[in-house]
Amino acid sequence: MSTVTVTDSPAPAPVREARPTYKVTGRRVLRSEWAKLWSLRSTWITLGLGLLFLVAFGVIAAVHYKSELNSGHPMHRDDVAATALSLSVFGTNFAQLALGVLGVLITAGEYSTGMIRSTLAAVPRRLPVLWSKASVFGLVALVVATVGVFVAFTIDSGIVSGTPAALTLSHSGVVRSLLGAGLYLGLVGVIGTALGALLRSVAGGISVLVASLMLVPGLVSLLPSSWQDNISPYLPSSAGESMFALTHDSTTLSPTAGLVVFLGWTVLALAGAAYRLVRTDA
């Protein structure tokens, strides 16, 4: 009598589903940086401060002008030539610090937390990260700043209506100047982003930003007059101011020339950040 031996065949190995492969594209990098930007509480706070500085200081300047005009006392030399436009952009000096500092935090903050390693691991080519950060924040800063200066001008126009400083949007050069102020602050945000990536230090980036926009012009004013006339118009702050000034003289650049010079400073900062990002480790 024969017996049949039955052997258990091994169970088939479970089939693992292949993970989808995601290609790194410029659009996806932009979406990633957009999400990271709005996930930070500091973004909302600092953008709010920038908008507040533009509107609040613009309104305060207009109220001060109106009260000084009605006081009956001789006005300060700077206030005599004031316009609704110059009063409404008074807050740009304060807003540029808020937007520039936030730009530094966006890039240098990732180096301080170590998150930059994950970012560069996901985007090995590196440079798209810099371009995306600069583009996203530059656009956001541009929109916030443009809204702020237009709101400030609308309020200030009502405050100084009927005074020598009165202007409306229909006056020649007003809209161009307001758009120039928004563009200037947007580019300041891009420069802050570049400085953060270049120096990889929040404190260092903020220090260089403040020195470039506020301290260097004061130091240049100590030079002989002939040197000041040749250097001062090409400083970042002076070139930026010429972008939104309503009138110009022989010591200042035209709006177009100021834009070209300030774009040059922006490109220089981005080029330095790109070089270090590619050449050195995170």
# chains A, B, ... in the order shown; residues from 1 in each chain; ligands from 1

$ select_by_dssp --residues "range 122-238 of chain A" --states "helix (DSSP H, G or I)" --output "ChimeraX atom specification"
/A:122,127-159,174-199,202-220,225-234,236-238

$ residues_around --residues "Gly26 in chain A" --least-positions-apart "5" --cutoff "10 Å" --atoms "only C-alpha atoms" --output "list in words"
Arg31, Ser32, Val123, Pro128, Val129, Trp131 and Ser132 of chain A

$ write_last_selection --atoms "C-alpha atoms" --output "PDB file, in the first residue's frame"
ATOM      1  CA  ARG A  31       4.069  75.410  -3.041  1.00  0.00           C
ATOM      2  CA  SER A  32       6.312  73.996  -0.324  1.00  0.00           C
ATOM      3  CA  VAL A 123      15.558  69.617  -3.292  1.00  0.00           C
ATOM      4  CA  PRO A 128      15.371  76.388  -6.576  1.00  0.00           C
ATOM      5  CA  VAL A 129      14.957  76.663  -2.801  1.00  0.00           C
ATOM      6  CA  TRP A 131      14.610  81.342  -5.804  1.00  0.00           C
ATOM      7  CA  SER A 132      11.337  80.044  -4.377  1.00  0.00           C
TER       8      SER A 132
END

$ closest_residue --among "A:Ala273, A:Ala239, A:Ala194, A:Val208" --to "Leu259 in chain A" --atoms "only C-alpha atoms"
A:Ala239

$ closest_atom_pairs --of "range 124-237 of chain A" --to "range 66-69 of chain A" --cutoff "12 Å" --atoms "only C-alpha atoms" --output "Markdown table"
| residue | atom | partner | partner_atom | distance |
| --- | --- | --- | --- | --- |
| A:Asp156 | CA | A:Lys66 | CA | 10.1 |
| A:Ser157 | CA | A:Lys66 | CA | 11.3 |
| A:Gly158 | CA | A:Lys66 | CA | 11.0 |
| A:Ile159 | CA | A:Lys66 | CA | 7.4 |
| A:Val160 | CA | A:Lys66 | CA | 6.4 |
| A:Ser161 | CA | A:Lys66 | CA | 9.5 |
| A:Gly162 | CA | A:Lys66 | CA | 10.3 |
| A:Thr163 | CA | A:Lys66 | CA | 8.1 |
| A:Pro164 | CA | A:Leu69 | CA | 9.6 |
| A:Ala165 | CA | A:Lys66 | CA | 9.4 |
| A:Ala166 | CA | A:Lys66 | CA | 10.8 |

$ closest_residue --among "A:Leu213, A:Leu87, A:Leu139, A:Leu277" --to "Leu198 in chain A" --atoms "only C-alpha atoms"
A:Leu277
